[in-house]
>>> print(open('target.csv').read())   # CSV, C-alpha atoms
chain,number,residue,atom,x,y,z
A,1,MET,CA,-3.8,-10.6,-15.4
A,2,SER,CA,-6.1,-9.2,-12.7
A,3,ARG,CA,-9.8,-8.7,-13.4
A,4,PHE,CA,-11.8,-6.4,-11.2
A,5,HIS,CA,-15.6,-6.6,-11.3
A,6,ILE,CA,-17.4,-3.7,-9.5
A,7,LEU,CA,-21.1,-4.3,-8.7
A,8,THR,CA,-22.6,-0.8,-8.4
A,9,LEU,CA,-25.5,1.4,-9.1
A,10,PHE,CA,-23.2,4.0,-10.6
A,11,PRO,CA,-21.0,2.4,-13.2
A,12,ASP,CA,-20.0,5.6,-14.9
A,13,MET,CA,-18.6,6.9,-11.6
A,14,VAL,CA,-16.3,3.9,-11.4
A,15,LYS,CA,-15.3,3.9,-15.0
A,16,ASP,CA,-14.5,7.6,-15.0
A,17,GLY,CA,-12.4,7.2,-11.9
A,18,LEU,CA,-10.3,4.2,-13.1
A,19,ASN,CA,-9.9,4.8,-16.8
A,20,THR,CA,-7.1,7.4,-16.4
A,21,SER,CA,-3.5,7.7,-15.4
A,22,ILE,CA,-1.5,4.5,-14.5
A,23,ILE,CA,-4.5,2.3,-13.9
A,24,GLY,CA,-6.1,3.3,-17.2
A,25,ARG,CA,-2.9,2.7,-19.2
A,26,ALA,CA,-2.5,-0.7,-17.5
A,27,ALA,CA,-6.0,-1.6,-18.6
A,28,ASP,CA,-5.3,-0.4,-22.2
A,29,ALA,CA,-2.1,-2.6,-22.2
A,30,GLY,CA,-4.1,-5.7,-21.1
A,31,LEU,CA,-2.5,-6.0,-17.7
A,32,LEU,CA,-5.8,-5.3,-16.0
A,33,GLU,CA,-9.5,-5.7,-16.7
A,34,ILE,CA,-12.0,-3.4,-15.1
A,35,HIS,CA,-15.7,-4.2,-15.4
A,36,ALA,CA,-18.3,-2.0,-13.9
A,37,VAL,CA,-21.6,-3.9,-13.6
A,38,ASN,CA,-24.8,-2.0,-13.1
A,39,ILE,CA,-26.9,-3.7,-10.4
A,40,ARG,CA,-30.0,-1.9,-11.7
A,41,ASP,CA,-29.8,-4.0,-14.9
A,42,TYR,CA,-30.8,-7.0,-12.9
A,43,SER,CA,-33.9,-5.5,-11.3
A,44,THR,CA,-37.1,-7.5,-11.7
A,45,ASN,CA,-39.2,-4.4,-11.3
A,46,LYS,CA,-40.5,-2.7,-14.4
A,47,HIS,CA,-39.3,0.6,-13.0
A,48,MET,CA,-35.8,-0.8,-12.4
A,49,LYS,CA,-36.2,-0.2,-8.7
A,50,VAL,CA,-33.6,-1.9,-6.5
A,51,ASP,CA,-34.5,-0.7,-3.0
A,52,ASP,CA,-37.3,-0.8,-0.5
A,53,TYR,CA,-38.2,0.1,3.1
A,54,PRO,CA,-36.5,-1.9,5.8
A,55,TYR,CA,-38.6,-4.5,7.7
A,56,GLY,CA,-39.0,-3.4,11.3
A,57,GLY,CA,-39.1,0.2,10.4
A,58,GLY,CA,-36.3,2.8,10.5
A,59,ALA,CA,-34.9,5.6,8.3
A,60,GLY,CA,-33.8,5.2,4.7
A,61,LEU,CA,-34.0,2.4,2.2
A,62,VAL,CA,-32.3,-1.0,1.8
A,63,MET,CA,-31.0,-2.5,-1.4
A,64,GLN,CA,-33.0,-5.6,-2.3
A,65,PRO,CA,-31.2,-9.0,-2.6
A,66,GLU,CA,-32.5,-10.2,-6.0
A,67,PRO,CA,-30.7,-7.6,-8.2
A,68,VAL,CA,-27.4,-8.0,-6.3
A,69,TYR,CA,-27.6,-11.8,-6.5
A,70,GLY,CA,-28.5,-11.6,-10.2
A,71,ALA,CA,-25.5,-9.4,-11.0
A,72,TYR,CA,-23.2,-11.7,-9.0
A,73,LYS,CA,-24.5,-14.9,-10.7
A,74,ASP,CA,-24.0,-13.3,-14.1
A,75,VAL,CA,-20.5,-12.2,-13.4
A,76,THR,CA,-19.4,-15.5,-12.0
A,77,LYS,CA,-21.1,-17.9,-14.4
A,78,ASN,CA,-17.9,-18.5,-16.4
A,79,MET,CA,-15.4,-18.4,-13.6
A,80,LYS,CA,-13.5,-21.6,-12.8
A,81,LYS,CA,-13.6,-21.0,-9.1
A,82,LYS,CA,-15.6,-19.0,-6.6
A,83,PRO,CA,-14.0,-15.5,-6.4
A,84,ARG,CA,-13.5,-13.4,-3.4
A,85,VAL,CA,-16.3,-10.9,-3.0
A,86,LEU,CA,-15.4,-7.7,-1.1
A,87,TYR,CA,-18.2,-5.7,0.4
A,88,MET,CA,-17.4,-2.1,1.1
A,89,THR,CA,-18.6,-1.3,4.6
A,90,PRO,CA,-17.4,0.8,7.6
A,91,GLN,CA,-18.0,-2.4,9.6
A,92,GLY,CA,-15.3,-4.3,7.8
A,93,THR,CA,-11.6,-4.9,8.4
A,94,VAL,CA,-9.6,-1.7,7.7
A,95,PHE,CA,-7.8,-2.0,4.4
A,96,HIS,CA,-3.9,-2.0,4.5
A,97,GLN,CA,-0.9,-2.6,2.4
A,98,GLU,CA,-0.5,-6.3,3.3
A,99,MET,CA,-4.1,-6.9,2.3
A,100,ALA,CA,-3.4,-5.2,-1.0
A,101,LYS,CA,-0.5,-7.5,-1.6
A,102,GLU,CA,-2.6,-10.6,-0.8
A,103,LEU,CA,-5.5,-9.5,-3.1
A,104,ALA,CA,-3.1,-8.7,-6.0
A,105,LYS,CA,-2.5,-12.4,-6.3
A,106,GLU,CA,-6.1,-13.1,-7.2
A,107,GLU,CA,-7.2,-13.4,-10.8
A,108,ASP,CA,-10.7,-12.2,-10.2
A,109,LEU,CA,-12.0,-9.9,-7.5
A,110,ILE,CA,-15.6,-8.7,-7.1
A,111,PHE,CA,-16.2,-5.4,-5.3
A,112,LEU,CA,-19.8,-5.0,-4.0
A,113,CYS,CA,-20.8,-1.4,-3.5
A,114,GLY,CA,-23.8,-0.6,-1.3
A,115,HIS,CA,-25.9,2.5,-1.0
A,116,TYR,CA,-28.7,3.9,1.2
A,117,GLU,CA,-28.8,2.0,4.5
A,118,GLY,CA,-27.0,-1.0,3.1
A,119,ILE,CA,-27.9,-4.3,1.4
A,120,ASP,CA,-30.3,-7.0,2.5
A,121,GLU,CA,-28.3,-9.3,4.9
A,122,ARG,CA,-29.4,-12.5,3.2
A,123,VAL,CA,-27.5,-11.9,0.0
A,124,LEU,CA,-24.4,-10.7,1.9
A,125,ASP,CA,-24.4,-14.0,3.8
A,126,GLU,CA,-24.7,-15.8,0.5
A,127,ILE,CA,-21.9,-14.2,-1.6
A,128,VAL,CA,-19.6,-12.0,0.5
A,129,THR,CA,-16.2,-13.4,1.5
A,130,ASP,CA,-14.6,-10.2,2.9
A,131,TYR,CA,-16.0,-7.2,4.7
A,132,VAL,CA,-13.6,-4.3,4.1
A,133,SER,CA,-13.4,-0.6,5.2
A,134,ILE,CA,-11.0,2.2,4.2
A,135,GLY,CA,-11.5,4.0,7.5
A,136,ASP,CA,-13.7,4.7,10.4
A,137,TYR,CA,-16.1,7.1,8.7
A,138,VAL,CA,-19.3,6.7,6.6
A,139,LEU,CA,-19.5,7.5,2.9
A,140,THR,CA,-22.6,7.7,0.7
A,141,GLY,CA,-21.7,4.5,-1.2
A,142,GLY,CA,-19.0,1.9,-1.8
A,143,GLU,CA,-17.7,3.2,-5.1
A,144,LEU,CA,-15.0,5.4,-3.7
A,145,PRO,CA,-13.6,2.7,-1.3
A,146,ALA,CA,-13.7,0.2,-4.2
A,147,MET,CA,-11.7,2.6,-6.4
A,148,VAL,CA,-9.2,3.3,-3.6
A,149,MET,CA,-8.6,-0.4,-3.1
A,150,ILE,CA,-8.4,-1.2,-6.8
A,151,ASP,CA,-5.8,1.6,-7.2
A,152,ALA,CA,-3.7,0.2,-4.4
A,153,ILE,CA,-4.0,-3.4,-5.6
A,154,SER,CA,-3.3,-2.6,-9.2
A,155,ARG,CA,0.0,-1.0,-8.5
A,156,LEU,CA,1.2,-4.4,-7.1
A,157,VAL,CA,0.3,-6.3,-10.3
A,158,PRO,CA,3.6,-7.0,-12.3
A,159,GLY,CA,4.0,-4.6,-15.1
A,160,VAL,CA,1.5,-2.0,-14.0
A,161,LEU,CA,4.3,0.3,-12.7
A,162,HIS,CA,6.9,1.1,-15.3
A,163,ASN,CA,9.5,0.5,-12.5
A,164,ASP,CA,8.4,-2.5,-10.5
A,165,ASP,CA,11.1,-1.7,-7.9
A,166,SER,CA,9.3,1.5,-6.9
A,167,ALA,CA,6.4,-0.5,-5.2
A,168,GLY,CA,9.0,-2.1,-2.9
A,169,GLU,CA,10.4,1.3,-1.7
A,170,GLU,CA,7.2,3.0,-0.7
A,171,SER,CA,5.6,3.7,2.6
A,172,PHE,CA,4.5,0.6,4.6
A,173,GLU,CA,6.6,-1.8,2.6
A,174,ASN,CA,9.1,-2.4,5.3
A,175,GLY,CA,7.0,-1.1,8.2
A,176,LEU,CA,8.3,2.5,7.9
A,177,LEU,CA,7.1,5.5,6.0
A,178,GLU,CA,8.9,6.5,2.9
A,179,TYR,CA,11.9,8.9,3.0
A,180,PRO,CA,11.6,12.5,1.5
A,181,GLN,CA,12.0,12.8,-2.3
A,182,TYR,CA,13.7,15.6,-4.3
A,183,THR,CA,14.2,16.6,-7.9
A,184,ARG,CA,15.4,19.6,-10.0
A,185,PRO,CA,16.0,22.4,-9.4
A,186,PRO,CA,18.8,21.9,-6.8
A,187,VAL,CA,17.7,25.1,-5.0
A,188,PHE,CA,14.1,26.1,-4.5
A,189,LEU,CA,12.9,29.0,-2.2
A,190,GLU,CA,16.5,29.1,-0.9
A,191,LYS,CA,16.2,25.4,0.2
A,192,GLU,CA,18.9,23.1,-1.1
A,193,VAL,CA,18.6,19.4,-1.9
A,194,PRO,CA,20.4,17.4,0.9
A,195,PRO,CA,24.1,17.1,-0.3
A,196,VAL,CA,24.2,13.4,0.3
A,197,LEU,CA,21.7,12.9,-2.6
A,198,LEU,CA,24.1,14.6,-5.0
A,199,SER,CA,27.1,12.7,-3.8
A,200,GLY,CA,26.7,9.6,-5.9
A,201,HIS,CA,27.7,7.5,-2.9
A,202,HIS,CA,25.0,4.8,-2.9
A,203,GLU,CA,25.7,3.4,0.6
A,204,ASN,CA,25.6,6.8,2.2
A,205,ILE,CA,22.3,7.6,0.3
A,206,ARG,CA,20.8,4.3,1.5
A,207,LYS,CA,21.7,5.1,5.1
A,208,TRP,CA,20.4,8.6,4.9
A,209,ARG,CA,17.1,7.4,3.4
A,210,TYR,CA,16.7,4.8,6.2
A,211,GLU,CA,17.4,7.5,8.9
A,212,GLN,CA,14.9,9.8,7.3
A,213,SER,CA,12.3,7.0,7.2
A,214,VAL,CA,12.8,6.3,10.9
A,215,LYS,CA,12.6,10.0,11.7
A,216,ARG,CA,9.4,10.5,9.7
A,217,THR,CA,7.7,7.4,11.1
A,218,LYS,CA,8.5,8.4,14.7
A,219,GLU,CA,7.1,11.9,14.1
A,220,ARG,CA,4.0,11.1,12.0
A,221,ARG,CA,3.0,7.6,12.8
A,222,PRO,CA,4.2,6.6,16.3
A,223,ASP,CA,1.9,3.5,16.1
A,224,LEU,CA,3.9,2.2,13.1
A,225,TRP,CA,7.2,2.9,14.8
A,226,GLU,CA,6.1,1.0,17.9
A,227,ALA,CA,5.2,-2.0,15.7
A,228,TYR,CA,8.5,-1.7,13.8
A,229,GLU,CA,10.4,-1.7,17.1
A,230,ARG,CA,8.6,-4.8,18.3
A,231,LYS,CA,9.4,-6.5,15.0
A,232,LEU,CA,13.1,-5.7,15.4
A,233,GLU,CA,13.1,-7.1,19.0
A,234,GLU,CA,11.5,-10.4,17.8
>>> encode(input="target.csv", output="C-alpha cells")
Amino acid sequence: MSRFHILTLFPDMVKDGLNTSIIGRAADAGLLEIHAVNIRDYSTNKHMKVDDYPYGGGAGLVMQPEPVYGAYKDVTKNMKKKPRVLYMTPQGTVFHQEMAKELAKEEDLIFLCGHYEGIDERVLDEIVTDYVSIGDYVLTGGELPAMVMIDAISRLVPGVLHNDDSAGEESFENGLLEYPQYTRPPVFLEKEVPPVLLSGHHENIRKWRYEQSVKRTKERRPDLWEAYERKLEE
C-alpha cells in the first residue's frame, strides 16, 4: 500500500488528474491512496488568504508558512515515522526512473506544491526532505510535477499494472530506451510488422528487441548510450 498526500491550493486539479485510468483503478482497488489536502483550509486569515508580499521587495507573492505547516502537521499526526516530503521546484534534483523506484518503497509520501513566487523558506527548512524537479523549466505550480511523479511511482507499486513484468521492460529500466512495439493489423499503410516478431522464435525476438533498443538509444539519447557503454566497460 502506498499513500500519496498532496498539499496544494488546487485539490480538484490533482484529484481530477489522478482518479482516472490505471492510477484511478489502482486506488479503487485499494492498492494506492491519494489524498489531496487543501492548504487554504489551514489559513488563519478570515479571508482564507495564504500569501503575502515578499520581505525585501520584488515581484509577485509568497506563500505564507503557517498554512503549509498546519497542513503538514495535520497530515502527519497519525504517522508512525516522519515521511519524506517532496517539494516541487525547478531548483531540485531532476526526477528519474531510479528515484521513482526508490520512492515506490515508501508507505507515505507528501508532495508539497508551491505557487506564486514560492513558499516561505522557513517552513521548507522545517519539513522538506527532497527538492525535486521534472525538468529545467518553470511551471505555474507544483501540481503537474506532483502528478507526473505519482504516476511514475504508482506504476512500480506491486499490483498496479496488470502485468507486473511490463514495468521491467520499459525505457530506462536497463539503461536503454524501449524497443518498438507492433500490434494488428500485420500490414498498415503498406508497412509490415517485422517478420521476426511473427516467427515465434523467442531468442531471435529477444535479440532483435535488444538491437532495436541499442539503435534507438544511440539515435535519440546519445547521453544514455554513453552511460550504458561506461556501465558495460565497468
>>> closest_residue(input="target.csv", among="A:Pro194, A:Gly30, A:Pro90, A:Gly24", to="Arg209 in chain A", atoms="all atoms listed in the file")
A:Pro194
>>> closest_residue(input="target.csv", among="A:Arg216, A:Met149, A:Met48, A:Lys81", to="Met99 in chain A", atoms="only C-alpha atoms")
A:Met149
>>> closest_residue(input="target.csv", among="A:Ile34, A:Tyr42, A:Glu203, A:Gln64", to="Thr20 in chain A", atoms="all atoms listed in the file")
A:Ile34
>>> atom_distance(input="target.csv", atom1="CA of Val148 in chain A", atom2="CA of Tyr116 in chain A")
20.1 Å
>>> closest_residue(input="target.csv", among="A:Gly135, A:Pro67, A:Pro180, A:Pro195", to="Thr8 in chain A", atoms="all atoms listed in the file")
A:Pro67
>>> closest_residue(input="target.csv", among="A:Leu232, A:Ala100, A:Ile119, A:Ala29", to="Leu161 in chain A", atoms="all atoms listed in the file")
A:Ala29
>>> residues_around(input="target.csv", residues="Ile22 in chain A", least_positions_apart="2", cutoff="12 Å", atoms="only C-alpha atoms", output="VMD selection string")
chain A and resid 17 to 20 24 to 29 31 to 32 150 to 152 154 to 157 159 to 163
>>> closest_residue(input="target.csv", among="A:Glu66, A:Asp130, A:Asp16, A:Glu192", to="Val85 in chain A", atoms="all atoms listed in the file")
A:Asp130
>>> atom_distance(input="target.csv", atom1="CA of Tyr179 in chain A", atom2="CA of Gln212 in chain A")
5.3 Å
>>> atom_distance(input="target.csv", atom1="CA of Lys73 in chain A", atom2="CA of Met13 in chain A")
22.6 Å
>>> residues_around(input="target.csv", residues="Ser43 in chain A", least_positions_apart="5", cutoff="12 Å", atoms="only C-alpha atoms", output="JSON, numbers by chain")
{"A": [9, 38, 48, 49, 50, 51, 63, 64, 65, 66, 67, 68, 69, 70, 71]}
>>> residues_around(input="target.csv", residues="Thr140 in chain A", least_positions_apart="3", cutoff="9 Å", atoms="all atoms listed in the file", output="VMD selection string")
chain A and resid 114 to 116 143
>>> residues_around(input="target.csv", residues="range 175-177 of chain A", least_positions_apart="2", cutoff="6 Å", atoms="all atoms listed in the file", output="short mmCIF file (atom, residue, chain, number, x, y, z; two decimals) with C-alpha atoms, keeping the file's coordinate frame")
data_model
loop_
_atom_site.label_atom_id
_atom_site.label_comp_id
_atom_site.auth_asym_id
_atom_site.auth_seq_id
_atom_site.Cartn_x
_atom_site.Cartn_y
_atom_site.Cartn_z
CA SER A 171 5.60 3.70 2.60
CA PHE A 172 4.50 0.60 4.60
CA GLU A 173 6.60 -1.80 2.60
CA SER A 213 12.30 7.00 7.20
CA THR A 217 7.70 7.40 11.10
CA TYR A 228 8.50 -1.70 13.80
#
>>> residues_around(input="target.csv", residues="Tyr131 in chain A", least_positions_apart="6", cutoff="6 Å", atoms="only C-alpha atoms", output="PyMOL selection string")
chain A and resi 86-87+92
>>> write_last_selection(input="target.csv", atoms="C-alpha atoms", output="PDB file, in the coordinates of the input")
ATOM      1  CA  LEU A  86     -15.400  -7.700  -1.100  1.00  0.00           C
ATOM      2  CA  TYR A  87     -18.200  -5.700   0.400  1.00  0.00           C
ATOM      3  CA  GLY A  92     -15.300  -4.300   7.800  1.00  0.00           C
TER       4      GLY A  92
END
>>> build_atoms(input="target.csv", residues="range 34-60 of chain A", atoms="N, CA, C and O atoms", output="PDB file, in the coordinates of the input")
ATOM      1  N   ILE A  34     -11.115  -4.044 -16.010  1.00  0.00           N
ATOM      2  CA  ILE A  34     -12.000  -3.400 -15.100  1.00  0.00           C
ATOM      3  C   ILE A  34     -13.416  -3.402 -15.632  1.00  0.00           C
ATOM      4  O   ILE A  34     -13.674  -2.830 -16.693  1.00  0.00           O
ATOM      5  N   HIS A  35     -14.305  -4.096 -14.943  1.00  0.00           N
ATOM      6  CA  HIS A  35     -15.700  -4.200 -15.400  1.00  0.00           C
ATOM      7  C   HIS A  35     -16.624  -3.613 -14.369  1.00  0.00           C
ATOM      8  O   HIS A  35     -16.679  -4.082 -13.228  1.00  0.00           O
ATOM      9  N   ALA A  36     -17.340  -2.582 -14.768  1.00  0.00           N
ATOM     10  CA  ALA A  36     -18.300  -2.000 -13.900  1.00  0.00           C
ATOM     11  C   ALA A  36     -19.707  -2.536 -14.277  1.00  0.00           C
ATOM     12  O   ALA A  36     -20.172  -2.375 -15.403  1.00  0.00           O
ATOM     13  N   VAL A  37     -20.330  -3.234 -13.341  1.00  0.00           N
ATOM     14  CA  VAL A  37     -21.600  -3.900 -13.600  1.00  0.00           C
ATOM     15  C   VAL A  37     -22.725  -3.197 -12.898  1.00  0.00           C
ATOM     16  O   VAL A  37     -22.686  -2.985 -11.676  1.00  0.00           O
ATOM     17  N   ASN A  38     -23.712  -2.795 -13.672  1.00  0.00           N
ATOM     18  CA  ASN A  38     -24.800  -2.000 -13.100  1.00  0.00           C
ATOM     19  C   ASN A  38     -25.846  -2.962 -12.474  1.00  0.00           C
ATOM     20  O   ASN A  38     -26.526  -3.735 -13.156  1.00  0.00           O
ATOM     21  N   ILE A  39     -25.940  -2.900 -11.166  1.00  0.00           N
ATOM     22  CA  ILE A  39     -26.900  -3.700 -10.400  1.00  0.00           C
ATOM     23  C   ILE A  39     -28.315  -3.512 -10.880  1.00  0.00           C
ATOM     24  O   ILE A  39     -29.137  -4.431 -10.920  1.00  0.00           O
ATOM     25  N   ARG A  40     -28.603  -2.287 -11.273  1.00  0.00           N
ATOM     26  CA  ARG A  40     -30.000  -1.900 -11.700  1.00  0.00           C
ATOM     27  C   ARG A  40     -30.413  -2.743 -12.914  1.00  0.00           C
ATOM     28  O   ARG A  40     -31.610  -2.975 -13.119  1.00  0.00           O
ATOM     29  N   ASP A  41     -29.459  -3.196 -13.720  1.00  0.00           N
ATOM     30  CA  ASP A  41     -29.800  -4.000 -14.900  1.00  0.00           C
ATOM     31  C   ASP A  41     -30.427  -5.336 -14.535  1.00  0.00           C
ATOM     32  O   ASP A  41     -31.024  -5.999 -15.397  1.00  0.00           O
ATOM     33  N   TYR A  42     -30.295  -5.733 -13.293  1.00  0.00           N
ATOM     34  CA  TYR A  42     -30.800  -7.000 -12.900  1.00  0.00           C
ATOM     35  C   TYR A  42     -32.051  -6.916 -11.992  1.00  0.00           C
ATOM     36  O   TYR A  42     -32.466  -7.877 -11.359  1.00  0.00           O
ATOM     37  N   SER A  43     -32.640  -5.737 -12.005  1.00  0.00           N
ATOM     38  CA  SER A  43     -33.900  -5.500 -11.300  1.00  0.00           C
ATOM     39  C   SER A  43     -35.018  -6.285 -11.971  1.00  0.00           C
ATOM     40  O   SER A  43     -35.087  -6.350 -13.201  1.00  0.00           O
ATOM     41  N   THR A  44     -35.896  -6.861 -11.178  1.00  0.00           N
ATOM     42  CA  THR A  44     -37.100  -7.500 -11.700  1.00  0.00           C
ATOM     43  C   THR A  44     -38.294  -6.624 -11.728  1.00  0.00           C
ATOM     44  O   THR A  44     -39.386  -7.042 -12.098  1.00  0.00           O
ATOM     45  N   ASN A  45     -38.080  -5.388 -11.334  1.00  0.00           N
ATOM     46  CA  ASN A  45     -39.200  -4.400 -11.300  1.00  0.00           C
ATOM     47  C   ASN A  45     -39.222  -3.620 -12.569  1.00  0.00           C
ATOM     48  O   ASN A  45     -38.186  -3.232 -13.117  1.00  0.00           O
ATOM     49  N   LYS A  46     -40.418  -3.377 -13.078  1.00  0.00           N
ATOM     50  CA  LYS A  46     -40.500  -2.700 -14.400  1.00  0.00           C
ATOM     51  C   LYS A  46     -39.993  -1.279 -14.342  1.00  0.00           C
ATOM     52  O   LYS A  46     -39.662  -0.715 -15.392  1.00  0.00           O
ATOM     53  N   HIS A  47     -39.895  -0.699 -13.134  1.00  0.00           N
ATOM     54  CA  HIS A  47     -39.300   0.600 -13.000  1.00  0.00           C
ATOM     55  C   HIS A  47     -37.846   0.599 -12.650  1.00  0.00           C
ATOM     56  O   HIS A  47     -37.253   1.630 -12.316  1.00  0.00           O
ATOM     57  N   MET A  48     -37.256  -0.592 -12.717  1.00  0.00           N
ATOM     58  CA  MET A  48     -35.800  -0.800 -12.400  1.00  0.00           C
ATOM     59  C   MET A  48     -35.486  -0.411 -10.967  1.00  0.00           C
ATOM     60  O   MET A  48     -34.377   0.006 -10.663  1.00  0.00           O
ATOM     61  N   LYS A  49     -36.456  -0.571 -10.086  1.00  0.00           N
ATOM     62  CA  LYS A  49     -36.200  -0.200  -8.700  1.00  0.00           C
ATOM     63  C   LYS A  49     -35.385  -1.320  -8.022  1.00  0.00           C
ATOM     64  O   LYS A  49     -35.544  -2.514  -8.290  1.00  0.00           O
ATOM     65  N   VAL A  50     -34.478  -0.905  -7.157  1.00  0.00           N
ATOM     66  CA  VAL A  50     -33.600  -1.900  -6.500  1.00  0.00           C
ATOM     67  C   VAL A  50     -33.568  -1.740  -4.988  1.00  0.00           C
ATOM     68  O   VAL A  50     -32.762  -2.369  -4.306  1.00  0.00           O
ATOM     69  N   ASP A  51     -34.469  -0.929  -4.439  1.00  0.00           N
ATOM     70  CA  ASP A  51     -34.500  -0.700  -3.000  1.00  0.00           C
ATOM     71  C   ASP A  51     -35.889  -0.697  -2.453  1.00  0.00           C
ATOM     72  O   ASP A  51     -36.856  -0.570  -3.209  1.00  0.00           O
ATOM     73  N   ASP A  52     -35.997  -0.854  -1.140  1.00  0.00           N
ATOM     74  CA  ASP A  52     -37.300  -0.800  -0.500  1.00  0.00           C
ATOM     75  C   ASP A  52     -37.118  -0.461   0.962  1.00  0.00           C
ATOM     76  O   ASP A  52     -35.991  -0.411   1.480  1.00  0.00           O
ATOM     77  N   TYR A  53     -38.252  -0.231   1.658  1.00  0.00           N
ATOM     78  CA  TYR A  53     -38.200   0.100   3.100  1.00  0.00           C
ATOM     79  C   TYR A  53     -37.750  -1.052   3.919  1.00  0.00           C
ATOM     80  O   TYR A  53     -38.075  -2.202   3.597  1.00  0.00           O
ATOM     81  N   PRO A  54     -37.028  -0.801   4.999  1.00  0.00           N
ATOM     82  CA  PRO A  54     -36.500  -1.900   5.800  1.00  0.00           C
ATOM     83  C   PRO A  54     -37.663  -2.521   6.672  1.00  0.00           C
ATOM     84  O   PRO A  54     -38.514  -1.804   7.206  1.00  0.00           O
ATOM     85  N   TYR A  55     -37.651  -3.854   6.767  1.00  0.00           N
ATOM     86  CA  TYR A  55     -38.600  -4.500   7.700  1.00  0.00           C
ATOM     87  C   TYR A  55     -38.186  -4.072   9.116  1.00  0.00           C
ATOM     88  O   TYR A  55     -37.012  -3.941   9.464  1.00  0.00           O
ATOM     89  N   GLY A  56     -39.228  -3.865   9.950  1.00  0.00           N
ATOM     90  CA  GLY A  56     -39.000  -3.400  11.300  1.00  0.00           C
ATOM     91  C   GLY A  56     -38.957  -1.933  11.478  1.00  0.00           C
ATOM     92  O   GLY A  56     -38.835  -1.423  12.591  1.00  0.00           O
ATOM     93  N   GLY A  57     -39.046  -1.202  10.337  1.00  0.00           N
ATOM     94  CA  GLY A  57     -39.100   0.200  10.400  1.00  0.00           C
ATOM     95  C   GLY A  57     -37.656   0.831  10.452  1.00  0.00           C
ATOM     96  O   GLY A  57     -36.655   0.122  10.497  1.00  0.00           O
ATOM     97  N   GLY A  58     -37.595   2.133  10.442  1.00  0.00           N
ATOM     98  CA  GLY A  58     -36.300   2.800  10.500  1.00  0.00           C
ATOM     99  C   GLY A  58     -36.168   3.744   9.285  1.00  0.00           C
ATOM    100  O   GLY A  58     -36.919   3.665   8.304  1.00  0.00           O
ATOM    101  N   ALA A  59     -35.158   4.613   9.374  1.00  0.00           N
ATOM    102  CA  ALA A  59     -34.900   5.600   8.300  1.00  0.00           C
ATOM    103  C   ALA A  59     -34.286   4.984   7.104  1.00  0.00           C
ATOM    104  O   ALA A  59     -33.570   3.996   7.201  1.00  0.00           O
ATOM    105  N   GLY A  60     -34.546   5.586   5.941  1.00  0.00           N
ATOM    106  CA  GLY A  60     -33.800   5.200   4.700  1.00  0.00           C
ATOM    107  C   GLY A  60     -34.384   3.973   4.049  1.00  0.00           C
ATOM    108  O   GLY A  60     -35.440   3.434   4.400  1.00  0.00           O
TER     109      GLY A  60
END
